[in-house]
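> My structure file coords-v1.tsv, TSV, C-alpha atoms, is below:
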```tsv
chain	number	residue	atom	x	y	z
A	9	ARG	CA	-175.02	-118.43	-122.74
A	10	ILE	CA	-171.25	-118.60	-123.18
A	11	GLY	CA	-169.41	-121.13	-121.02
A	12	PHE	CA	-166.02	-122.75	-120.63
A	13	ASN	CA	-164.46	-125.79	-118.99
A	14	TRP	CA	-160.67	-125.74	-118.52
A	15	ALA	CA	-158.59	-128.69	-117.35
A	16	VAL	CA	-155.58	-126.98	-115.80
A	17	ASP	CA	-153.30	-130.05	-115.94
A	18	GLU	CA	-153.11	-133.15	-118.11
A	19	GLU	CA	-154.20	-135.43	-115.26
A	20	ARG	CA	-157.33	-133.27	-114.87
A	21	ASN	CA	-156.73	-132.92	-111.15
A	22	THR	CA	-157.77	-129.28	-111.33
A	23	GLN	CA	-160.72	-128.02	-113.34
A	24	VAL	CA	-162.01	-124.47	-113.74
A	25	ARG	CA	-165.47	-123.91	-115.21
A	26	GLY	CA	-167.83	-121.00	-115.66
A	27	GLY	CA	-170.01	-118.96	-117.95
A	28	VAL	CA	-172.26	-115.98	-118.42
A	29	GLY	CA	-175.66	-115.68	-120.06
A	30	LEU	CA	-178.98	-113.89	-120.40
A	31	PHE	CA	-181.88	-116.12	-119.34
A	32	SER	CA	-185.64	-115.83	-119.80
A	33	GLY	CA	-188.47	-118.33	-119.42
A	34	ARG	CA	-191.91	-118.72	-120.97
A	35	PHE	CA	-193.85	-115.47	-121.01
A	36	PRO	CA	-196.64	-115.33	-118.35
A	37	TYR	CA	-199.44	-114.03	-120.56
A	38	VAL	CA	-201.73	-113.45	-117.58
A	39	TRP	CA	-199.86	-110.19	-117.03
A	40	ILE	CA	-201.03	-109.01	-120.42
A	41	SER	CA	-204.49	-110.63	-120.33
A	42	ASN	CA	-205.31	-108.67	-117.16
A	43	GLN	CA	-205.93	-105.57	-119.24
A	44	TYR	CA	-208.41	-107.42	-121.49
A	45	SER	CA	-210.35	-108.65	-118.44
A	46	ASN	CA	-210.44	-105.33	-116.62
A	47	THR	CA	-211.07	-102.51	-119.06
A	48	GLY	CA	-213.19	-100.37	-116.73
A	49	VAL	CA	-216.40	-100.87	-118.73
A	50	ASP	CA	-217.01	-104.65	-118.64
A	51	PHE	CA	-217.19	-105.29	-114.88
A	52	TYR	CA	-218.14	-103.15	-111.90
A	53	THR	CA	-217.57	-103.55	-108.19
A	54	TYR	CA	-220.43	-103.53	-105.69
A	55	THR	CA	-219.86	-104.04	-101.98
A	56	THR	CA	-222.52	-104.96	-99.44
A	57	ALA	CA	-222.54	-106.63	-96.04
A	58	PRO	CA	-225.79	-108.51	-95.26
A	59	ASN	CA	-226.85	-108.93	-91.66
A	60	ALA	CA	-227.46	-112.66	-92.08
A	61	PHE	CA	-226.81	-115.44	-94.58
A	62	VAL	CA	-229.38	-115.68	-97.39
A	63	ALA	CA	-229.69	-119.13	-98.96
A	64	ASP	CA	-231.93	-118.07	-101.87
A	65	PRO	CA	-229.62	-117.52	-104.86
A	66	TYR	CA	-232.28	-115.44	-106.64
A	67	ASN	CA	-232.78	-112.99	-103.81
A	68	GLN	CA	-229.31	-112.13	-102.66
A	69	PRO	CA	-228.94	-108.75	-100.89
A	70	LYS	CA	-227.97	-105.96	-103.22
A	71	PRO	CA	-226.30	-102.65	-102.48
A	72	SER	CA	-228.01	-99.36	-103.06
A	73	THR	CA	-228.08	-98.26	-106.69
A	74	SER	CA	-227.97	-94.60	-105.72
A	75	THR	CA	-224.18	-94.64	-106.02
A	76	PHE	CA	-222.55	-95.42	-109.36
A	77	PRO	CA	-220.41	-98.56	-109.06
A	78	THR	CA	-216.66	-98.51	-109.42
A	79	ALA	CA	-214.50	-100.56	-111.77
A	80	GLU	CA	-210.95	-101.87	-111.83
A	81	VAL	CA	-208.71	-100.98	-114.76
A	82	ASP	CA	-205.49	-102.86	-115.62
A	83	ILE	CA	-202.93	-101.40	-118.00
A	84	THR	CA	-199.43	-102.30	-119.16
A	85	ASP	CA	-196.40	-100.09	-119.59
A	86	PRO	CA	-195.77	-99.59	-123.35
A	87	ASP	CA	-192.13	-100.60	-122.82
A	88	PHE	CA	-192.96	-103.73	-120.80
A	89	LYS	CA	-190.61	-106.66	-121.47
A	90	ALA	CA	-190.54	-110.31	-120.47
A	91	PRO	CA	-188.62	-110.98	-117.24
A	92	ALA	CA	-184.97	-111.82	-117.74
A	93	ILE	CA	-181.81	-112.16	-115.68
A	94	ILE	CA	-178.07	-112.00	-116.30
A	95	ARG	CA	-176.34	-114.93	-114.62
A	96	VAL	CA	-172.63	-115.56	-114.08
A	97	ASN	CA	-171.05	-118.67	-112.57
A	98	LEU	CA	-167.47	-119.63	-111.77
A	99	GLY	CA	-166.35	-122.88	-110.15
A	100	ILE	CA	-163.16	-124.82	-109.32
A	101	ASP	CA	-162.91	-128.59	-108.76
A	102	GLN	CA	-159.77	-130.04	-107.16
A	103	ARG	CA	-158.99	-133.75	-106.89
A	104	LEU	CA	-157.52	-134.68	-103.49
A	105	PRO	CA	-155.95	-137.87	-102.12
A	106	TYR	CA	-158.17	-140.89	-101.32
A	107	ASP	CA	-160.58	-140.10	-104.18
A	108	PHE	CA	-161.90	-136.91	-102.61
A	109	ILE	CA	-162.95	-133.97	-104.78
A	110	ALA	CA	-163.25	-130.45	-103.34
A	111	SER	CA	-165.36	-127.86	-105.16
A	112	VAL	CA	-166.19	-124.21	-104.70
A	113	GLU	CA	-168.62	-122.38	-106.97
A	114	GLY	CA	-170.20	-118.95	-107.12
A	115	LEU	CA	-173.48	-118.25	-108.92
A	116	PHE	CA	-174.63	-114.64	-109.30
A	117	SER	CA	-177.76	-113.26	-110.97
A	118	TRP	CA	-179.05	-109.74	-111.64
A	119	SER	CA	-182.62	-108.91	-112.64
A	120	GLN	CA	-183.12	-107.15	-115.96
A	121	ASN	CA	-186.90	-106.96	-116.39
A	122	GLU	CA	-188.41	-107.91	-113.04
A	123	VAL	CA	-192.13	-107.20	-112.64
A	124	TYR	CA	-194.05	-105.02	-110.20
A	125	TYR	CA	-197.38	-103.17	-109.98
A	126	GLN	CA	-198.51	-99.65	-109.16
A	127	ASN	CA	-202.00	-98.37	-108.38
A	128	ILE	CA	-201.81	-95.07	-110.23
A	129	ASN	CA	-205.32	-94.12	-109.09
A	130	LEU	CA	-203.91	-93.19	-105.66
A	131	ALA	CA	-203.89	-89.39	-105.57
A	132	GLY	CA	-200.91	-89.04	-103.26
A	133	GLN	CA	-200.02	-88.65	-99.60
A	134	GLN	CA	-202.66	-87.05	-97.40
A	135	THR	CA	-202.35	-84.69	-94.45
A	136	ASN	CA	-204.61	-85.37	-91.46
A	137	GLY	CA	-203.71	-82.44	-89.23
A	138	GLY	CA	-200.80	-83.02	-86.89
A	139	LEU	CA	-201.25	-86.80	-86.98
A	140	THR	CA	-199.94	-87.13	-90.55
A	141	ALA	CA	-198.12	-83.85	-91.06
A	142	GLY	CA	-196.53	-83.78	-94.52
A	143	GLY	CA	-198.42	-86.93	-95.46
A	144	LYS	CA	-196.50	-89.15	-93.03
A	145	LEU	CA	-197.73	-90.77	-89.84
A	146	ILE	CA	-196.15	-89.03	-86.88
A	147	GLY	CA	-193.76	-91.27	-84.93
A	148	GLU	CA	-193.53	-93.98	-87.60
A	149	ASN	CA	-192.71	-91.70	-90.55
A	150	ARG	CA	-194.98	-93.94	-92.67
A	151	GLU	CA	-196.60	-92.51	-95.84
A	152	VAL	CA	-200.39	-92.10	-95.57
A	153	TRP	CA	-202.83	-92.18	-98.52
A	154	GLY	CA	-206.27	-91.77	-96.92
A	155	ILE	CA	-208.41	-89.30	-94.95
A	156	LEU	CA	-209.35	-90.16	-91.38
A	157	ASN	CA	-212.95	-90.12	-90.19
A	158	THR	CA	-213.51	-87.64	-87.36
A	159	THR	CA	-217.12	-88.45	-86.43
A	160	GLY	CA	-219.31	-91.43	-85.61
A	161	SER	CA	-218.32	-94.97	-84.71
A	162	SER	CA	-215.59	-94.99	-87.37
A	163	ILE	CA	-213.61	-92.16	-85.78
A	164	GLY	CA	-209.90	-92.65	-86.22
A	165	LYS	CA	-210.36	-95.00	-89.21
A	166	TYR	CA	-209.71	-94.12	-92.83
A	167	GLY	CA	-212.94	-93.12	-94.54
A	168	THR	CA	-211.69	-93.74	-98.07
A	169	SER	CA	-209.82	-96.52	-99.80
A	170	GLY	CA	-207.04	-94.09	-100.46
A	171	VAL	CA	-207.86	-90.72	-101.97
A	172	LYS	CA	-208.38	-91.44	-105.67
A	173	VAL	CA	-207.49	-89.54	-108.79
A	174	ASN	CA	-210.80	-90.71	-110.28
A	175	SER	CA	-213.51	-91.94	-107.91
A	176	ARG	CA	-215.17	-93.98	-110.69
A	177	PHE	CA	-212.33	-96.50	-110.55
A	178	THR	CA	-211.66	-98.88	-107.68
A	179	ALA	CA	-208.02	-98.95	-108.78
A	180	VAL	CA	-205.93	-98.53	-111.91
A	181	TYR	CA	-203.11	-101.08	-111.86
A	182	LEU	CA	-200.05	-100.50	-114.04
A	183	VAL	CA	-197.63	-103.39	-114.58
A	184	LYS	CA	-194.04	-102.26	-115.08
A	185	ASN	CA	-190.45	-103.50	-115.23
A	186	THR	CA	-187.60	-102.90	-112.83
A	187	ASP	CA	-183.96	-103.94	-112.77
A	188	GLN	CA	-183.93	-104.20	-108.97
A	189	GLY	CA	-183.20	-107.67	-107.68
A	190	SER	CA	-180.26	-110.05	-107.38
A	191	ASN	CA	-179.35	-113.52	-106.22
A	192	SER	CA	-175.96	-114.70	-104.92
A	193	ASN	CA	-174.99	-118.28	-104.12
A	194	ILE	CA	-171.62	-119.57	-102.95
A	195	THR	CA	-171.26	-123.34	-102.51
A	196	PHE	CA	-168.48	-125.39	-100.89
A	197	GLN	CA	-168.54	-129.15	-101.39
A	198	LEU	CA	-166.39	-132.16	-100.54
A	199	GLN	CA	-167.31	-135.53	-102.05
A	200	ARG	CA	-165.95	-139.01	-102.44
A	201	GLN	CA	-167.24	-141.18	-105.26
A	202	ALA	CA	-165.00	-144.21	-105.70
A	203	THR	CA	-166.43	-146.99	-107.84
A	204	ALA	CA	-164.03	-149.56	-106.39
A	205	ASP	CA	-164.77	-148.66	-102.78
A	206	PRO	CA	-168.07	-149.41	-100.99
A	207	LEU	CA	-168.08	-146.11	-99.09
A	208	ASN	CA	-169.28	-142.91	-100.78
A	209	ALA	CA	-170.00	-139.60	-99.09
A	210	MET	CA	-170.62	-135.92	-99.74
A	211	ILE	CA	-170.95	-132.81	-97.59
A	212	GLY	CA	-171.78	-129.33	-98.83
A	213	TYR	CA	-172.66	-125.85	-97.65
A	214	THR	CA	-174.40	-123.06	-99.60
A	215	TRP	CA	-174.67	-119.40	-98.62
A	216	THR	CA	-177.45	-117.46	-100.38
A	217	LYS	CA	-178.67	-113.90	-100.54
A	218	ALA	CA	-181.76	-113.32	-102.72
A	219	MET	CA	-183.20	-109.80	-102.99
A	220	ASP	CA	-186.23	-108.47	-104.87
A	221	ILE	CA	-189.05	-105.94	-104.60
A	222	GLY	CA	-191.71	-108.65	-104.39
A	223	GLY	CA	-193.65	-107.75	-107.51
A	224	SER	CA	-194.17	-111.24	-108.93
A	225	ASN	CA	-195.80	-112.86	-105.90
A	226	SER	CA	-199.15	-113.41	-107.63
A	227	THR	CA	-200.77	-113.54	-111.07
A	228	THR	CA	-203.56	-110.98	-111.24
A	229	ALA	CA	-202.79	-107.28	-111.08
A	230	SER	CA	-204.87	-106.62	-107.96
A	231	SER	CA	-203.36	-109.46	-105.91
A	232	GLY	CA	-199.84	-108.73	-107.19
A	233	TRP	CA	-200.14	-105.21	-105.79
A	234	ARG	CA	-202.15	-106.12	-102.70
A	235	PHE	CA	-200.09	-109.00	-101.32
A	236	ASN	CA	-196.75	-107.18	-101.39
A	237	PRO	CA	-196.22	-105.81	-97.85
A	238	SER	CA	-194.85	-102.28	-97.76
A	239	ARG	CA	-193.49	-99.82	-95.23
A	240	GLY	CA	-195.90	-97.15	-96.39
A	241	ASN	CA	-195.75	-96.54	-100.13
A	242	PRO	CA	-197.33	-99.51	-101.94
A	243	ASN	CA	-196.38	-98.00	-105.32
A	244	ASP	CA	-192.67	-97.94	-104.53
A	245	PRO	CA	-191.83	-101.36	-103.03
A	246	ALA	CA	-188.43	-101.44	-101.38
A	247	LEU	CA	-185.66	-103.87	-102.25
A	248	SER	CA	-185.65	-106.54	-99.56
A	249	TYR	CA	-185.22	-110.27	-99.02
A	250	ALA	CA	-187.08	-112.52	-101.47
A	251	ASP	CA	-189.82	-114.84	-100.20
A	252	ASN	CA	-187.74	-117.95	-100.89
A	253	ASP	CA	-184.41	-116.64	-99.60
A	254	ARG	CA	-182.64	-119.15	-97.35
A	255	THR	CA	-179.32	-117.79	-96.12
A	256	HIS	CA	-177.76	-121.13	-95.15
A	257	ARG	CA	-178.06	-124.67	-96.41
A	258	LEU	CA	-176.10	-127.65	-95.14
A	259	MET	CA	-176.44	-131.03	-96.84
A	260	GLY	CA	-174.71	-134.37	-96.74
A	261	THR	CA	-175.00	-137.93	-97.98
A	262	VAL	CA	-173.28	-141.15	-96.95
A	263	SER	CA	-173.84	-144.63	-98.37
A	264	TYR	CA	-172.22	-148.03	-98.00
A	265	ARG	CA	-172.55	-150.92	-100.45
A	266	PHE	CA	-172.44	-154.43	-99.02
A	267	ASP	CA	-171.32	-156.89	-101.72
A	268	TRP	CA	-172.35	-160.40	-100.70
A	269	GLY	CA	-169.97	-161.99	-103.23
A	270	TRP	CA	-172.60	-164.05	-105.07
A	271	HIS	CA	-173.41	-163.15	-108.69
A	272	GLY	CA	-173.73	-159.41	-108.00
A	273	LEU	CA	-176.02	-159.67	-104.99
A	274	ALA	CA	-175.51	-156.42	-103.08
A	275	THR	CA	-177.24	-154.13	-100.56
A	276	THR	CA	-176.70	-150.39	-100.29
A	277	VAL	CA	-177.70	-148.34	-97.23
A	278	GLY	CA	-177.63	-144.56	-97.53
A	279	PHE	CA	-178.61	-141.48	-95.54
A	280	PHE	CA	-179.39	-137.99	-96.85
A	281	TYR	CA	-179.25	-134.96	-94.54
A	282	ASN	CA	-180.64	-131.53	-95.44
A	283	ALA	CA	-180.73	-128.47	-93.18
A	284	LEU	CA	-181.98	-124.97	-94.05
A	285	SER	CA	-181.98	-121.75	-92.13
A	286	GLY	CA	-185.47	-120.45	-91.42
A	287	GLN	CA	-188.12	-119.39	-93.93
A	288	ARG	CA	-188.38	-115.63	-94.25
A	289	PHE	CA	-191.63	-113.89	-93.33
A	290	SER	CA	-193.10	-110.50	-92.46
A	291	TYR	CA	-195.19	-109.21	-89.57
A	292	VAL	CA	-198.10	-107.17	-90.92
A	293	ALA	CA	-200.60	-105.02	-89.03
A	294	ASN	CA	-204.23	-106.08	-88.67
A	295	GLY	CA	-205.83	-103.03	-90.24
A	296	ASP	CA	-205.21	-100.30	-92.78
A	297	VAL	CA	-202.34	-98.32	-91.27
A	298	ASN	CA	-201.41	-96.25	-94.33
A	299	GLY	CA	-204.91	-95.59	-95.70
A	300	ASP	CA	-204.41	-97.22	-99.11
A	301	GLY	CA	-207.62	-99.22	-98.68
A	302	LEU	CA	-205.96	-102.56	-97.86
A	303	SER	CA	-205.86	-104.16	-94.43
A	304	ASP	CA	-203.23	-106.85	-94.97
A	305	ASN	CA	-200.20	-105.23	-96.59
A	306	ASP	CA	-198.82	-102.86	-93.93
A	307	LEU	CA	-195.60	-103.92	-92.24
A	308	VAL	CA	-195.64	-103.43	-88.48
A	309	TYR	CA	-193.94	-100.65	-86.57
A	310	VAL	CA	-191.71	-102.11	-83.83
A	311	PRO	CA	-192.12	-100.03	-80.66
A	312	LYS	CA	-188.99	-98.93	-78.82
A	313	ASP	CA	-190.58	-99.70	-75.45
A	314	ALA	CA	-193.98	-99.82	-73.76
A	315	ASN	CA	-194.15	-96.00	-73.67
A	316	ASP	CA	-193.89	-95.84	-77.47
A	317	ILE	CA	-197.42	-97.19	-78.07
A	318	ILE	CA	-200.94	-97.07	-76.63
A	319	PHE	CA	-202.97	-100.26	-76.48
A	320	MET	CA	-206.74	-100.54	-76.65
A	321	GLY	CA	-208.17	-103.32	-74.52
A	322	PRO	CA	-210.96	-104.41	-72.16
A	323	THR	CA	-211.11	-102.70	-68.80
A	324	THR	CA	-210.53	-106.04	-67.08
A	325	TYR	CA	-207.76	-108.14	-68.63
A	326	GLY	CA	-208.75	-111.61	-69.83
A	327	GLN	CA	-212.48	-110.93	-70.04
A	328	ALA	CA	-214.56	-110.32	-73.15
A	329	VAL	CA	-215.51	-106.77	-74.10
A	330	SER	CA	-219.02	-105.95	-72.90
A	331	ALA	CA	-221.15	-103.11	-71.56
A	332	THR	CA	-219.70	-103.71	-68.11
A	333	ASN	CA	-216.18	-104.31	-69.44
A	334	PRO	CA	-215.78	-101.69	-72.18
A	335	LEU	CA	-212.88	-101.17	-74.53
A	336	ILE	CA	-210.58	-98.39	-73.25
A	337	LYS	CA	-207.17	-96.88	-73.81
A	338	LEU	CA	-204.68	-98.77	-71.66
A	339	THR	CA	-202.62	-95.90	-70.26
A	340	ASP	CA	-201.23	-98.06	-67.45
A	341	ARG	CA	-197.99	-99.37	-68.96
A	342	SER	CA	-197.69	-102.00	-66.23
A	343	ARG	CA	-200.61	-103.93	-67.76
A	344	THR	CA	-200.01	-107.50	-68.90
A	345	GLU	CA	-200.59	-106.62	-72.56
A	346	TYR	CA	-197.51	-104.39	-72.67
A	347	SER	CA	-195.19	-106.87	-70.95
A	348	GLN	CA	-196.36	-109.67	-73.25
A	349	LEU	CA	-195.69	-107.63	-76.40
A	350	MET	CA	-192.23	-106.49	-75.30
A	351	ALA	CA	-191.32	-110.05	-74.30
A	352	PHE	CA	-192.36	-111.23	-77.78
A	353	ILE	CA	-190.18	-108.56	-79.40
A	354	GLU	CA	-187.20	-109.48	-77.23
A	355	ASN	CA	-187.50	-113.13	-78.31
A	356	ASP	CA	-187.35	-112.30	-82.04
A	357	SER	CA	-183.80	-111.38	-83.06
A	358	TYR	CA	-184.93	-109.19	-85.97
A	359	LEU	CA	-187.61	-107.26	-84.03
A	360	LYS	CA	-185.23	-106.79	-81.12
A	361	GLU	CA	-182.63	-105.15	-83.37
A	362	HIS	CA	-185.14	-102.87	-85.18
A	363	LYS	CA	-187.03	-101.20	-82.36
A	364	GLY	CA	-188.41	-97.80	-83.31
A	365	GLN	CA	-188.61	-98.74	-87.03
A	366	VAL	CA	-191.13	-100.12	-89.49
A	367	MET	CA	-189.81	-103.59	-90.25
A	368	GLU	CA	-188.60	-104.48	-93.73
A	369	ARG	CA	-190.36	-107.10	-95.82
A	370	ASN	CA	-189.26	-110.66	-94.99
A	371	GLY	CA	-186.99	-109.38	-92.25
A	372	SER	CA	-187.78	-112.16	-89.76
A	373	THR	CA	-186.95	-115.84	-90.13
A	374	SER	CA	-188.38	-119.02	-88.66
A	375	PRO	CA	-186.09	-121.56	-86.89
A	376	TRP	CA	-183.74	-123.90	-88.74
A	377	TRP	CA	-185.26	-126.94	-90.45
A	378	HIS	CA	-183.60	-130.39	-90.46
A	379	LEU	CA	-184.44	-133.54	-92.40
A	380	ILE	CA	-182.87	-137.01	-92.59
A	381	ASN	CA	-183.98	-139.57	-95.19
A	382	LEU	CA	-183.00	-143.24	-95.38
A	383	ARG	CA	-182.73	-145.38	-98.48
A	384	ILE	CA	-182.05	-149.13	-98.67
A	385	SER	CA	-181.57	-150.63	-102.12
A	386	GLN	CA	-181.24	-154.32	-102.89
A	387	GLU	CA	-179.62	-155.54	-106.11
A	388	ILE	CA	-180.86	-158.98	-107.20
A	389	PRO	CA	-179.09	-160.87	-110.02
A	390	SER	CA	-181.25	-161.74	-112.99
A	391	VAL	CA	-180.49	-163.34	-116.36
A	392	TYR	CA	-177.89	-162.54	-119.02
A	393	GLY	CA	-175.94	-160.25	-116.68
A	394	HIS	CA	-178.92	-158.03	-115.87
A	395	LYS	CA	-180.11	-157.23	-112.37
A	396	VAL	CA	-183.25	-156.09	-110.59
A	397	GLU	CA	-183.03	-153.34	-107.95
A	398	LEU	CA	-185.59	-152.88	-105.18
A	399	THR	CA	-185.55	-149.70	-103.09
A	400	PHE	CA	-187.06	-148.88	-99.71
A	401	ASP	CA	-187.22	-145.21	-98.64
A	402	VAL	CA	-188.07	-143.67	-95.28
A	403	LEU	CA	-188.60	-139.92	-95.53
A	404	ASN	CA	-187.96	-137.96	-92.34
A	405	VAL	CA	-186.66	-141.06	-90.60
A	406	MET	CA	-185.96	-139.25	-87.31
A	407	ASN	CA	-189.71	-138.68	-86.97
A	408	LEU	CA	-189.95	-142.37	-86.00
A	409	ILE	CA	-188.08	-141.42	-82.82
A	410	ASP	CA	-189.15	-137.80	-82.28
A	411	LYS	CA	-192.65	-136.85	-83.44
A	412	THR	CA	-191.60	-133.21	-83.99
A	413	ALA	CA	-188.51	-134.03	-86.09
A	414	GLY	CA	-188.63	-132.58	-89.60
A	415	TRP	CA	-191.35	-130.06	-88.78
A	416	THR	CA	-191.23	-126.59	-90.25
A	417	LYS	CA	-191.80	-124.26	-87.33
A	418	ALA	CA	-193.25	-120.77	-87.65
A	419	ALA	CA	-191.36	-119.29	-84.71
```
Taking this structure as input, can you express it in the form of structure tokens?


Amino acid sequence: RIGFNWAVDEERNTQVRGGVGLFSGRFPYVWISNQYSNTGVDFYTYTTAPNAFVADPYNQPKPSTSTFPTAEVDITDPDFKAPAIIRVNLGIDQRLPYDFIASVEGLFSWSQNEVYYQNINLAGQQTNGGLTAGGKLIGENREVWGILNTTGSSIGKYGTSGVKVNSRFTAVYLVKNTDQGSNSNITFQLQRQATADPLNAMIGYTWTKAMDIGGSNSTTASSGWRFNPSRGNPNDPALSYADNDRTHRLMGTVSYRFDWGWHGLATTVGFFYNALSGQRFSYVANGDVNGDGLSDNDLVYVPKDANDIIFMGPTTYGQAVSATNPLIKLTDRSRTEYSQLMAFIENDSYLKEHKGQVMERNGSTSPWWHLINLRISQEIPSVYGHKVELTFDVLNVMNLIDKTAGWTKAA
């Protein structure tokens, strides 16, 4: 890193500081050790679903041995490098009257060797007649990787975990680098720290925009690929908001020191306020929409209106599915299910603005979060000019008045 600190005037009322550097942390060796654990010949995958729980550990149900088991293989790009970022910062501090200091600072980062996974055992997009013409789901324009069943009780469901290049392998995960990803922070701050005055205070605001392709959300190759929601192509994750992106942060502190005028006996009372815009999250479909073999990584399609989708539901609303109340296509768009869904979409600002689209990863946000902490510190004189300080902290002090204060709400 190369940095500088420039005092513009002799009184140091104005200060300019900044720097640029290439940063990298400790290497996560699990990304490399994956390939030693999953070579394709050491472990195999069997899948079975027993009808009831079996307590005997020596007689657990076993799948049929008529089919050769599959294995996972993990490999690493020969040019794989440790993650690194280029970071630039520039800030200005200005001393104001009454011991106030105003600061503005920008911090900008660009990914150099970010990590992501591909399952290169997926054969490619699949055509299922007119439903997925050109390998894309009609209406949603979502890439499809599996073949639909056309007979039996599984009709309409994908019969394969994605069409594979080699059926002997469950998946072949390749860990690679990408330079996609960035992080921008701009902070404004006003503070007063006067040693001769009992009152000290600070208020600040930070705007953030963090973008990535979500490749480093887990440790093992399979979970790193699986738990990265996609719009259709799990091998080409799109640049979107990072999991920990918080667009706005507002914070402030205020403290007052009561000097009792007796050998340094003093009490300080301070409050800390922190507010963050909502946590980012994704809506994912319950099921395998794109036929890649995973049922928890497909971002939802947001219908334009009730006529854009067809629900399946019980014949009589509110009652369990049974022989006398079978599951049917709900062609009556005046049904409660349709009005409830559209009302939910209208109440989410992101979904409301993206009707007729597959949502982007981390597009939605939860409500703002607020927290106030209290600290009381007591300075007690001791011997030879020393002192003892006792502190009493109340975290989320407003929760003593409102039982929901300080909660992180999902929606």

> Which residues are close to region 331-348 of chain A, i.e. within 6 Å by only C-alpha atoms, leaving aside same-chain residues fewer than 2 positions away? Reply as a ChimeraX atom specification.

/A:314,319-323,329,350-351

> Those residues you just picked out, can you put them in a file as an mmCIF file, in the frame of the given file with C-alpha atoms?


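See again_28.cif below for the written result:
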```cif
data_model
loop_
_atom_site.group_PDB
_atom_site.id
_atom_site.type_symbol
_atom_site.label_atom_id
_atom_site.label_comp_id
_atom_site.auth_asym_id
_atom_site.auth_seq_id
_atom_site.Cartn_x
_atom_site.Cartn_y
_atom_site.Cartn_z
ATOM 1 C CA ALA A 314 -193.980 -99.820 -73.760
ATOM 2 C CA PHE A 319 -202.970 -100.260 -76.480
ATOM 3 C CA MET A 320 -206.740 -100.540 -76.650
ATOM 4 C CA GLY A 321 -208.170 -103.320 -74.520
ATOM 5 C CA PRO A 322 -210.960 -104.410 -72.160
ATOM 6 C CA THR A 323 -211.110 -102.700 -68.800
ATOM 7 C CA VAL A 329 -215.510 -106.770 -74.100
ATOM 8 C CA MET A 350 -192.230 -106.490 -75.300
ATOM 9 C CA ALA A 351 -191.320 -110.050 -74.300
#
```

> With all atoms listed in the file as the counted atoms, please give the residues lying no more than 12 Å from Gly269 (chain A), apart from itself and same-chain residues fewer than 5 positions off, as a short mmCIF file (atom, residue, chain, number, x, y, z; two decimals) with C-alpha atoms, keeping the file's coordinate frame.


```cif
data_model
loop_
_atom_site.label_atom_id
_atom_site.label_comp_id
_atom_site.auth_asym_id
_atom_site.auth_seq_id
_atom_site.Cartn_x
_atom_site.Cartn_y
_atom_site.Cartn_z
CA ALA A 274 -175.51 -156.42 -103.08
CA THR A 275 -177.24 -154.13 -100.56
CA GLU A 387 -179.62 -155.54 -106.11
CA ILE A 388 -180.86 -158.98 -107.20
CA PRO A 389 -179.09 -160.87 -110.02
#
```

> Taking only C-alpha atoms into account, which of A:Tyr54, A:Trp14, A:Tyr358, A:Tyr249 comes nearest Phe177 (chain A)?

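Selected residue with least distance to Phe177 (chain A): A:Tyr54.
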
> Taking 2 positions as the minimum chain separation for residues in the same chain, which residues sit within 10 Å of Phe51 (chain A) when counting all atoms listed in the file? Answer as a list in words.

Ser45, Asn46, Thr47, Gly48, Val49, Thr53, Tyr54, Pro77, Thr78, Ala79, Glu80 and Val81 of chain A

> Those residues you just picked out, can you put them in a file as a compact mmCIF listing (two decimals), keeping the file's coordinate frame with C-alpha atoms?


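Okay, this is what ended up in again-v8.txt:
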```txt
# COMPACT_ATOMS: atom_id res chain seq x y z
CA SER A 45 -210.35 -108.65 -118.44
CA ASN A 46 -210.44 -105.33 -116.62
CA THR A 47 -211.07 -102.51 -119.06
CA GLY A 48 -213.19 -100.37 -116.73
CA VAL A 49 -216.40 -100.87 -118.73
CA THR A 53 -217.57 -103.55 -108.19
CA TYR A 54 -220.43 -103.53 -105.69
CA PRO A 77 -220.41 -98.56 -109.06
CA THR A 78 -216.66 -98.51 -109.42
CA ALA A 79 -214.50 -100.56 -111.77
CA GLU A 80 -210.95 -101.87 -111.83
CA VAL A 81 -208.71 -100.98 -114.76
```

> Compare A:Tyr166, A:Thr276, A:Thr135, A:Val396 by their minimum atom-to-atom distance to Glu151 (chain A), counting only C-alpha atoms, and give me the closest one.

A:Thr135

> As a PDB file with C-alpha atoms, in the coordinates of the input, please: the residues near region 359-371 of chain A (cut-off 6 Å, all atoms listed in the file, same-chain neighbours under 6 positions excluded).


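Dumped to result_33.pdb:
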```pdb
ATOM      1  CA  TYR A 249    -185.220-110.270 -99.020  1.00  0.00           C
ATOM      2  CA  ARG A 288    -188.380-115.630 -94.250  1.00  0.00           C
ATOM      3  CA  PHE A 289    -191.630-113.890 -93.330  1.00  0.00           C
ATOM      4  CA  SER A 290    -193.100-110.500 -92.460  1.00  0.00           C
ATOM      5  CA  VAL A 308    -195.640-103.430 -88.480  1.00  0.00           C
ATOM      6  CA  TYR A 309    -193.940-100.650 -86.570  1.00  0.00           C
ATOM      7  CA  VAL A 310    -191.710-102.110 -83.830  1.00  0.00           C
ATOM      8  CA  PRO A 311    -192.120-100.030 -80.660  1.00  0.00           C
ATOM      9  CA  LYS A 312    -188.990 -98.930 -78.820  1.00  0.00           C
ATOM     10  CA  ILE A 353    -190.180-108.560 -79.400  1.00  0.00           C
TER      11      ILE A 353
END
```

> Within 7 Å of region 229-241 of chain A, counting only C-alpha atoms, which residues qualify if same-chain residues fewer than 6 places away don't, as number ranges by chain?

A: 42, 82, 125-126, 150-152, 181, 222-223, 298, 305-307, 366, 368-369

> Using all atoms listed in the file, which residue out of A:Leu398, A:Ala246, A:Ile384, A:Val16 lies closest to Arg103 (chain A)?

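For Arg103 (chain A), the nearest of the candidates is A:Val16.
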